[in-house]
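The next block holds one structure in the form of structure tokens; read it before the comments.
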Amino acid sequence: MVLSAADKSNVKACWGKIGSHAGEYGAEALERTFCSFPTTKTYFPHFDLSHGSAQVKAHGQKVADALTQAVAHMDDLPTAMSALSDLHAYKLRVDPVNFKFLSHCLLVTLACHHPAEFTPAVHASLDKFFSAVSTVLTSKYR
Amino acid sequence: MVHFTAEEKAAVVSLWAKVNVELVGGEVLGRLLVVYPWTQRFFDNFGNLSSESAIMGNPKVKAHGKKVLTSFGNAVKHMDDLKDTFAELSELHCDKMHVDPENFKLLGNMILIVLATHFSKEFTPQVQAAWQKLTAAVANALAHRYH
């Protein structure tokens, strides 16, 4: 699976439009993930996961910032995300299935907030992008 | 058997009442074919599926999408009895259409996403969760008679 020039352009445009809302959307995507896929909560026993939690807000911002970095370096995700890749492989060890859950909830969040921009083509490009990021983050697992 | 709470049922039923099945059905199937192009393998006789606009505007896609979502409406009416409700369709998808059940999960997620684009703020995490549960349960019911 390769990100085409059109995919990269769609992702950059969409992420640019999100702008300063990225952190808010990151937090919302996390909340949706915990709600729809309760097994994902097992990775956050140390968090207050109630609605509006400061920890979830902060973590949402972290996820969003990492994705912003990824968007800026789509031509070389493995290099740009190397440190995060190490973190997930050696420390966090989040089972790969969970990246699909979070990616899906990121898409749902964006669809809710930007329905007009979230055309099928943009949806496809974002789905591919999140999939590419997930692949990089799990690339050193074994 | 999947158990839906009263709140989950209410969330599903109330949103479903506002769904334009013809419109949403077409969008759901269209997005499946655009986002996961390999799913086009089941629709060789649908004509032009060569681009996003071709797919989303294709009358056969719209018609079939409406058919699929209308059937999904049955799930909303029989949330406590999905396996029996979809038994015949399950056999059909296995024996006649040879559809990998993984595709039911992909379609389910497309339903979620199209609902999100239509209902925005109303599509809260709790509402989404109820619908995730329903689409997963329908996918399981449709796969149940596979052999």
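All residue names refer to the structure tokens as shown: chains lettered A, B, ... in order, residues numbered from 1 in each chain, ligands numbered from 1 in order.
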* Asked: Given a cut-off of 12 Å, which residues of chain B touch chain A, counting only C-alpha atoms, written out as number ranges by chain?
  -> B: 8, 27-37, 51-57, 105-106, 108-136
* Have a look at CA of Phe72 in chain B and CA of Phe4 in chain B and let me know their distance in Å, one decimal. =>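 If I compute the distance from CA of Phe72 in chain B to CA of Phe4 in chain B, I get 16.4 Å.
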* To do: Compile the contact shell of Tyr43 in chain A as number ranges by chain: residues with an atom at most 10 Å away, counting only C-alpha atoms, same-chain residues fewer than 6 positions apart removed.
  => A: 92-95
* Which residues come within 10 Å of Val99 in chain B, counting only C-alpha atoms, excluding same-chain residues fewer than 6 positions away, as a list in words? -> Thr39, Arg41, Phe42, Ser90, Leu92, His93, Ala143 and Tyr146 of chain B
* Can you tell me how far CA of Leu49 in chain B sits from CA of Lys12 in chain A, in Å to one decimal? ->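 These two atoms are separated by 26.1 Å.
Considering only C-alpha atoms, the residue among B:Val138, B:His147, B:Pro101, B:Leu107 positioned nearest to Asp80 in chain B is B:Val138.
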* To do: Quick one: everything within 12 Å of range 71-88 of chain A, counting only C-alpha atoms, minus sequence neighbours fewer than 4 positions away in the same chain. Send it as a ChimeraX atom specification.
  => /A:2-5,7-16,43,62-67,92-96,98-99,125-126,128-142
Output C-alpha atoms of each residue in that selection to a file, as a short mmCIF file (atom, residue, chain, number, x, y, z; two decimals), in the first residue's frame.
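Generated file (selection-v2.cif):
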data_model
loop_
_atom_site.label_atom_id
_atom_site.label_comp_id
_atom_site.auth_asym_id
_atom_site.auth_seq_id
_atom_site.Cartn_x
_atom_site.Cartn_y
_atom_site.Cartn_z
CA VAL A 2 1.46 3.28 -1.18
CA LEU A 3 0.38 6.85 -0.50
CA SER A 4 -0.14 8.47 -3.89
CA ALA A 5 0.51 12.15 -4.57
CA ASP A 7 -3.43 10.91 -1.01
CA LYS A 8 -0.65 13.09 0.42
CA SER A 9 -2.30 16.21 -0.89
CA ASN A 10 -5.69 15.19 0.58
CA VAL A 11 -4.17 14.42 3.98
CA LYS A 12 -2.18 17.67 4.11
CA ALA A 13 -5.21 19.74 3.11
CA CYS A 14 -7.49 18.04 5.63
CA TRP A 15 -5.01 18.20 8.48
CA GLY A 16 -4.27 21.83 7.67
CA TYR A 43 -3.84 0.11 28.29
CA LYS A 62 0.08 14.04 22.27
CA VAL A 63 -1.50 11.77 19.66
CA ALA A 64 -2.50 14.77 17.53
CA ASP A 65 0.99 16.29 17.71
CA ALA A 66 2.52 12.99 16.59
CA LEU A 67 0.10 12.83 13.68
CA LEU A 92 4.04 0.22 25.33
CA ARG A 93 3.53 -2.96 23.27
CA VAL A 94 -0.03 -2.07 22.36
CA ASP A 95 -1.50 -4.99 20.44
CA PRO A 96 -1.63 -4.12 16.72
CA ASN A 98 -5.88 -1.45 18.59
CA PHE A 99 -4.36 0.85 15.99
CA SER A 125 -6.63 8.91 1.73
CA LEU A 126 -6.91 9.40 5.50
CA LYS A 128 -4.54 4.84 4.05
CA PHE A 129 -2.49 7.41 5.97
CA PHE A 130 -3.57 6.14 9.39
CA SER A 131 -2.89 2.62 8.19
CA ALA A 132 0.61 3.62 7.08
CA VAL A 133 1.29 5.30 10.43
CA SER A 134 0.01 2.22 12.28
CA THR A 135 2.26 -0.02 10.22
CA VAL A 136 5.30 2.09 11.11
CA LEU A 137 4.38 2.14 14.80
CA THR A 138 4.17 -1.67 14.90
CA SER A 139 7.09 -2.30 12.54
CA LYS A 140 9.62 -3.20 15.25
CA TYR A 141 7.32 -5.46 17.27
CA ARG A 142 9.10 -8.61 16.14
#
* When DSSP works through the backbone of this structure, what residues of range 12-97 of chain A end up as helix (DSSP H, G or I), shown as a ChimeraX atom specification? -> /A:12-36,38-43,54-72,74-80,82-92,97
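The list of residues with at least one atom within 10 Å of Glu22 in chain B, based on only C-alpha atoms and without residues fewer than 5 positions apart in the same chain, reads Glu27, Lys62, Ala63, His64, Gly65, Lys66, Lys67, Val68, Leu69 and Thr70 of chain B.
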Those same residues - N, CA and C atoms - I'd like them written as a tab-separated table (two decimals), in the first residue's frame.
chain	number	residue	atom	x	y	z
B	27	GLU	N	-24.50	5.88	-0.28
B	27	GLU	CA	-23.23	6.44	0.20
B	27	GLU	C	-22.39	5.37	0.88
B	62	LYS	N	-26.05	2.74	-6.15
B	62	LYS	CA	-27.08	3.37	-5.32
B	62	LYS	C	-28.21	2.39	-5.03
B	63	ALA	N	-28.64	1.67	-6.08
B	63	ALA	CA	-29.75	0.74	-5.92
B	63	ALA	C	-29.37	-0.39	-4.97
B	64	HIS	N	-28.17	-0.92	-5.16
B	64	HIS	CA	-27.77	-2.02	-4.31
B	64	HIS	C	-27.52	-1.57	-2.88
B	65	GLY	N	-26.99	-0.36	-2.74
B	65	GLY	CA	-26.78	0.21	-1.42
B	65	GLY	C	-28.09	0.35	-0.67
B	66	LYS	N	-29.12	0.77	-1.40
B	66	LYS	CA	-30.44	0.92	-0.78
B	66	LYS	C	-30.95	-0.44	-0.32
B	67	LYS	N	-30.74	-1.46	-1.16
B	67	LYS	CA	-31.18	-2.82	-0.84
B	67	LYS	C	-30.50	-3.30	0.44
B	68	VAL	N	-29.19	-3.12	0.50
B	68	VAL	CA	-28.41	-3.57	1.66
B	68	VAL	C	-28.85	-2.86	2.92
B	69	LEU	N	-29.01	-1.55	2.84
B	69	LEU	CA	-29.36	-0.80	4.05
B	69	LEU	C	-30.80	-1.07	4.48
B	70	THR	N	-31.66	-1.35	3.53
B	70	THR	CA	-33.05	-1.70	3.86
B	70	THR	C	-33.04	-2.99	4.68
Compile the contact shell of Phe46 in chain B as an mmCIF file with all heavy atoms, in the first residue's frame: residues with an atom at most 9 Å away, counting only C-alpha atoms, same-chain residues fewer than 3 positions apart removed.
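New file around.cif:
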data_model
loop_
_atom_site.group_PDB
_atom_site.id
_atom_site.type_symbol
_atom_site.label_atom_id
_atom_site.label_comp_id
_atom_site.auth_asym_id
_atom_site.auth_seq_id
_atom_site.Cartn_x
_atom_site.Cartn_y
_atom_site.Cartn_z
ATOM 1 N N PHE B 43 -18.650 -6.982 -7.692
ATOM 2 C CA PHE B 43 -19.590 -6.187 -8.470
ATOM 3 C C PHE B 43 -19.113 -5.958 -9.907
ATOM 4 O O PHE B 43 -19.204 -4.862 -10.440
ATOM 5 C CB PHE B 43 -19.835 -4.845 -7.752
ATOM 6 C CG PHE B 43 -20.316 -5.020 -6.338
ATOM 7 C CD1 PHE B 43 -19.472 -4.820 -5.259
ATOM 8 C CD2 PHE B 43 -21.616 -5.430 -6.081
ATOM 9 C CE1 PHE B 43 -19.913 -4.993 -3.939
ATOM 10 C CE2 PHE B 43 -22.071 -5.608 -4.777
ATOM 11 C CZ PHE B 43 -21.217 -5.394 -3.706
ATOM 12 N N LEU B 49 -16.787 1.674 -12.443
ATOM 13 C CA LEU B 49 -16.373 1.891 -11.053
ATOM 14 C C LEU B 49 -14.964 2.460 -11.045
ATOM 15 O O LEU B 49 -14.173 2.207 -10.142
ATOM 16 C CB LEU B 49 -16.405 0.552 -10.282
ATOM 17 C CG LEU B 49 -17.763 -0.140 -10.106
ATOM 18 C CD1 LEU B 49 -17.582 -1.473 -9.364
ATOM 19 C CD2 LEU B 49 -18.750 0.742 -9.345
ATOM 20 N N ASN B 58 -22.874 5.992 -9.616
ATOM 21 C CA ASN B 58 -23.324 4.789 -10.329
ATOM 22 C C ASN B 58 -24.706 4.346 -9.848
ATOM 23 O O ASN B 58 -24.893 4.052 -8.663
ATOM 24 C CB ASN B 58 -22.274 3.679 -10.118
ATOM 25 C CG ASN B 58 -22.589 2.417 -10.889
ATOM 26 O OD1 ASN B 58 -23.697 1.898 -10.833
ATOM 27 N ND2 ASN B 58 -21.595 1.899 -11.589
ATOM 28 N N PRO B 59 -25.688 4.270 -10.759
ATOM 29 C CA PRO B 59 -27.054 3.930 -10.340
ATOM 30 C C PRO B 59 -27.175 2.533 -9.741
ATOM 31 O O PRO B 59 -28.005 2.308 -8.858
ATOM 32 C CB PRO B 59 -27.874 4.048 -11.622
ATOM 33 C CG PRO B 59 -26.905 4.145 -12.738
ATOM 34 C CD PRO B 59 -25.594 4.567 -12.188
ATOM 35 N N LYS B 60 -26.336 1.586 -10.217
ATOM 36 C CA LYS B 60 -26.409 0.228 -9.657
ATOM 37 C C LYS B 60 -25.873 0.215 -8.228
ATOM 38 O O LYS B 60 -26.379 -0.520 -7.368
ATOM 39 C CB LYS B 60 -25.614 -0.756 -10.528
ATOM 40 C CG LYS B 60 -26.333 -1.104 -11.824
ATOM 41 C CD LYS B 60 -25.662 -2.258 -12.563
ATOM 42 C CE LYS B 60 -26.516 -2.686 -13.749
ATOM 43 N NZ LYS B 60 -25.903 -3.745 -14.544
ATOM 44 N N VAL B 61 -24.861 1.030 -7.988
ATOM 45 C CA VAL B 61 -24.305 1.128 -6.626
ATOM 46 C C VAL B 61 -25.374 1.692 -5.694
ATOM 47 O O VAL B 61 -25.609 1.179 -4.598
ATOM 48 C CB VAL B 61 -23.041 2.012 -6.585
ATOM 49 C CG1 VAL B 61 -22.606 2.288 -5.147
ATOM 50 C CG2 VAL B 61 -21.904 1.356 -7.358
#
* **Separation of CA of Phe101 in chain A from CA of Gln61 in chain A in Å** =>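 Answer for the CA of Gln61 in chain A to CA of Phe101 in chain A separation: 17.8 Å.
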